[in-house]
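**Q** Please read through the structure below; I'll follow up with questions.
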Amino acid sequence: MQFVNPYFLWGLIIIGIPIIIHLFNFRRFKKVYFSNVSFLEELKVQTQKYSRLKHFLILAMRILAIICLVMAFAQPYFPFAVNKKAIKGKNVVSIYVDNSFSMEAIADEAKLLDVAKIKAREIVSAYPNSDLFQLLTNDFEGRHQHLFSKEEFLQLLNEVEVSPSVRKFPEIYKRQQDVIGLFQQTNKASYIISDFQKSISQFEGIIKDTNISTYLIPVIPQKSNNLFIDSCWFDSPVLQLNKNVKINVKIKNASDIAYEKIPLKLMINGNQKAVASFDIKEKDELSLSISYRITESGIQNGYVELTDYPIVYDDKFYFSYTVAKKIAVLLINGGEENQYLNKIYQLDSVFSLSNVSERNIDYSVFRNNDLIVLNSLKSISTGLSQELKRFVDNGGSLLIFPSTNIDFESYRQFSTALNISIYQAKDSTDTKVDQLNIYHPLFADVFEKLPENIDLPKVFSFYTFTNLQLSRKEFILKMLNNREFLGASISGKGMIYQSAVPLDVSWSNFPRHAIFVPTMFNIALQSKHGSKLFYIIGKEETVSLKNILMQGEDVLKLRSENADFEIIPEHKNRESQLDVMFHNQVKQAGNYRLYSVKEAISGISFNYDRNESRLDFYTIKEIEQELKDQGLNNFTLIESGKKNLGLLIKEINQGIKLWKFFVILALIFLLGEVLLIRLWKKGL
C-alpha cells in the first residue's frame, strides 16, 4: 500500500485525545443513598464491570474512526504492477487505432475497427479534460501529427475509416515518439490498439523510449478464411502486337480448408480475354499461367479476378502495360552503313531505324531511341561518351561493334566511364564460338531444344577484354579459348552489349550466321523497357517514365478508368526521364491513366498491400514472448476483456484507491459509537 498524501499520516497523533479522555475520566459522579446497604457491594461491582466494557468499546470506536479519517485524507492505494507510484500532473497521450483492412473482421458481432474505436474512447475517458491527445492511424495524415483536446480527439476518432495503408510497428511507435517525446515535464503514454496481425506486427526494430509508458491492447477477431491473388507477371519482358503472351498469377490460400474448381477471369480493357480454374490445398500457394493474344497497341489496362467471401478486397489484381507500335533503333556508323544490320531492322515493321554518321550526331535525338548501335567507330569522343552514358543510365540499351582498327586508349576511357569491359588487344588466332548461354533472355524463345552438335560462328580474329571488378557482366556467346565473343553488362538502368569482333566477314562469319538474326532482333526487342505492371498503395514509390519531357506550364493529371477520381501529382524532369510521385493520394485499388494536357502518356495500376490478406494473428502468449525477446520492458499488454478499459487505465495510472473505503469505515465506527452511547443503558 502507498499514499498519495503521506503527510496526513501525522494526524494519527490525535488518537491520543480520546485515550487521555478515557484515562482521566472527567465524569462527575452523583451520590445515591440506599436505605439498605446490604445491596451496595453487589450493585457497585455490576455497574463498574459494564461501564468499563462500554467505555472501552466507545474508545475503540473513536480511535478507529480517527484512524480511518486520517487514512482517507492520506489517500492510500494499491499500485498497479507496472507503476511504482501514482501518476500525477499533466498527461500527453498517443493512441494508435489500427484501421487496416484486417480490422473489418468480426468480433462479438461487431467489426474490429468499431471495437477499437470504443476502446480508444474508454482510454480517453480515464484522463482529465486538461490532458492532450494524439490520434494515429495507418494513414499517417498531417493532422494526426498534432495534439488535441479530449473533445477534438473524439471528433477525429469518429472520422476514422478502414484504410488500404499498411504500417509496421516500428514506424508507428516512431511517429508516437516524434509527437509526445517533445514534452518534458509531463507524463507520456502511448497505446496501440490492433488485431496484431503477424504479417505487420513487427516488434523487432522498435527503438524503445523508457520515458514513454506503452500499452498494447489486442482486439481478437473471429476465425475466417481467405483466398487471394498475391501478384502477377509476364513470362516475357517484351510485349508485341499480334503475339501470344503468357501472364502468370500467384494465388495464395490463407485458409484451413482446400478449394476446388475456383474460376479465374482475365480482363483486358474491359474485355474478357481468358478464363481458367484451379484447385488449391489449405495453407498453400500456386502459380497459374494464362495465355492470350495481344490485339491492340498503346496503353492496356487489365486485371485478374477470383471470387471469395467474406474478404473480397484482395480478389482483384490490377495491372497496366504499354504495347509499343515501334522500337526506335539508331545506328551510329564509323564508315558506311552496315548491310546486315539494315536488313534486320528495316525489313521488320516493329522497328524504326535511323542511320547517322559519327560526324553528324545529334545528341538530342538519343532520348527518342530505345537502342543505339555503335558500328565500326575507330574512336569514341569524350562528348559522345558522356551522352551515351547518360542514355544508358536512363534505361537505354547500347550495342558496340568495334572497328577493325580501334584506338585502344579512346575505348579504354569510354569503357571505364561506363564501368564495362575494356578492349585490350587484337588476337588473330583462329577459333570458334562453342558456348551459348541458353538461359539468357535473348535466347528464351529461340530454341525448343538445343542440338548436341550445334553449328556456331567461326572466328578468325577478335579483341580480348579486361574485365573490371565492378562490372556486372554476363556472357552470351563464348569461344573455345573461354574468352567472350558477345557479353552483356548492366550499366545504370540500361544494358550494354559488347562484341569482340567487328561486323566484318574477315574477322568472323557471325554477320552471315543463323544465330545473328535472333540475337540482334532480341537485343532490340528487349531494349524497349516497359513500366512496372503495378504499384502498391501506401508505399512511397516513384513512377519513372522514359522519354517524356514536361514543359513549364504543362500539368500532369492522374485519372481513374471511369473518371470519378482525378489528382495532380508531383513530378520532376530528370534528363530524359520523368519522375512522378503520388504521396499516398491514391486510396482505391484500380487502373488509372496519367495524362499530359489531354494525351494519355501511361497506364498506372494500384493494388492493396497483400500483407493484410494473411490472416495469422499473435496470441496473448506470443505477444508477451515477443516483448520479452525484444527487451521491451516499458511495454505492457492489457487484456480488458469485458471490463471497461477506462476504469482499468485509471487503476494502472492511479492504482486501486482506498480512500472511499476508509471514509465508509469511519462512518461505521462513528455510528457504532452513537449506538453504544444511546442504546447501552446498563452501567450508566
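Letters for chains follow the order of the C-alpha cells (A, B, ...), residue numbers begin at 1 for each chain, and ligand numbers begin at 1 in the order shown.
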Within stretch 242-424 of chain A, find each residue whose DSSP state, derived from the backbone, is strand (DSSP E), and express the selection as a PyMOL selection string.
**A** chain A and resi 244-253+259-268+271-280+285-293+298-305+316-323+327-333+351-357+371-377+397-402+422-424
**Q** If you count only C-alpha atoms, which residues fall within 8 Å of A:Ser544, apart from same-chain ones fewer than 5 positions away, as a PyMOL selection string?
**A** chain A and resi 531+577-580
**Q** Keeping only N, CA and C atoms, write the selected residues as a short mmCIF file (atom, residue, chain, number, x, y, z; two decimals), in the first residue's frame.
**A**
```cif
data_model
loop_
_atom_site.label_atom_id
_atom_site.label_comp_id
_atom_site.auth_asym_id
_atom_site.auth_seq_id
_atom_site.Cartn_x
_atom_site.Cartn_y
_atom_site.Cartn_z
N SER A 531 7.05 0.04 -68.29
CA SER A 531 6.93 0.50 -66.91
C SER A 531 6.48 -0.67 -66.03
N GLN A 577 14.06 11.57 -68.48
CA GLN A 577 13.14 10.76 -67.67
C GLN A 577 12.25 11.67 -66.85
N LEU A 578 11.01 11.24 -66.68
CA LEU A 578 10.05 11.98 -65.86
C LEU A 578 9.73 11.15 -64.62
N ASP A 579 9.97 11.70 -63.44
CA ASP A 579 9.66 11.03 -62.18
C ASP A 579 8.37 11.61 -61.62
N VAL A 580 7.42 10.72 -61.29
CA VAL A 580 6.11 11.13 -60.78
C VAL A 580 5.93 10.55 -59.39
#
```
**Q** Calculate how many Å separate atom CA of A:Lys660 from atom CA of A:Leu69, rounding to one decimal.
**A**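 So the two atoms, atom CA of A:Lys660 and atom CA of A:Leu69, lie 10.0 Å apart.
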**Q** For A:Ser605, find every residue with an atom within 12 Å (counting only C-alpha atoms), except residues of its own chain fewer than 3 positions away, and show them as a PyMOL selection string.
**A** chain A and resi 299-303+316-321+531-537+543+558-561+586-594+602+608
**Q** Determine, counting only C-alpha atoms, which protein, DNA and RNA residues have an atom within 10 Å of an atom of A:Leu615; residues of the same chain fewer than 5 positions away are not included. Present the result as a list in words.
**A**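 The contact residues come out as Ser102, Ala105, Gln197, Lys198, Ser199, Pro221, Lys223, Ser224, Asn225, Asn226, Ala254 and Ser255 of chain A.
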**Q** At a cut-off of 12 Å, using only C-alpha atoms, what residues contact A:Glu104? Leave out same-chain residues fewer than 4 positions from it and give the result as a PyMOL selection string.
**A** chain A and resi 98-100+109-116+161-164+194-195+219-222+224+310-313+612-613+615
**Q** Go through A:Tyr497, A:Tyr340, A:Tyr463, A:Tyr595 and flag the residue nearest A:Asn509, using only C-alpha atoms for the distances.
**A**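 Of A:Tyr497, A:Tyr340, A:Tyr463, A:Tyr595, the one nearest A:Asn509, counting only C-alpha atoms, is A:Tyr340.
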**Q** Just checking: using only C-alpha atoms, which residue out of A:Tyr292, A:Phe465, A:Tyr96, A:Phe391 ends up closest to A:Ile496?
**A**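 Comparing A:Tyr292, A:Phe465, A:Tyr96, A:Phe391 against A:Ile496, the winner is A:Phe391.
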**Q** Using DSSP on the backbone, list every residue of stretch 101-293 of chain A that comes out as alpha helix (DSSP H), and give them as a PyMOL selection string.
**A** chain A and resi 112-125+150-158+169-180
**Q** Do a neighbour search on A:Pro502 at 9 Å with only C-alpha atoms, toss out local chain neighbours closer than 6 positions, and write the hits as a ChimeraX atom specification.
**A** /A:375-376,400-404,462,508
**Q** Residues of the last selection are to be written out with C-alpha atoms, as an mmCIF file, in the first residue's frame.
**A**
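So again_4.cif came out as:
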```
data_model
loop_
_atom_site.group_PDB
_atom_site.id
_atom_site.type_symbol
_atom_site.label_atom_id
_atom_site.label_comp_id
_atom_site.auth_asym_id
_atom_site.auth_seq_id
_atom_site.Cartn_x
_atom_site.Cartn_y
_atom_site.Cartn_z
ATOM 1 C CA ASN A 375 29.114 0.327 -85.749
ATOM 2 C CA SER A 376 32.834 0.401 -86.634
ATOM 3 C CA ILE A 400 29.019 -1.992 -79.524
ATOM 4 C CA PHE A 401 30.645 -3.411 -82.673
ATOM 5 C CA PRO A 402 34.261 -2.089 -82.778
ATOM 6 C CA SER A 403 36.079 -1.167 -85.945
ATOM 7 C CA THR A 404 38.852 -3.294 -87.404
ATOM 8 C CA PHE A 462 38.976 -10.984 -82.175
ATOM 9 C CA SER A 508 34.182 -13.913 -88.273
#
```
**Q** From the list A:Ile180, A:Ile668, A:Leu57, A:Ile14, which residue is nearest A:Val93 when using only C-alpha atoms?
**A**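 That would be A:Ile180, the residue with the smallest distance to A:Val93.
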**Q** Atom CA of A:Phe516 and atom CA of A:Asp430, how far apart in Å?
**A**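 Spanning atom CA of A:Asp430 to atom CA of A:Phe516 is a straight-line distance of 19.4 Å.
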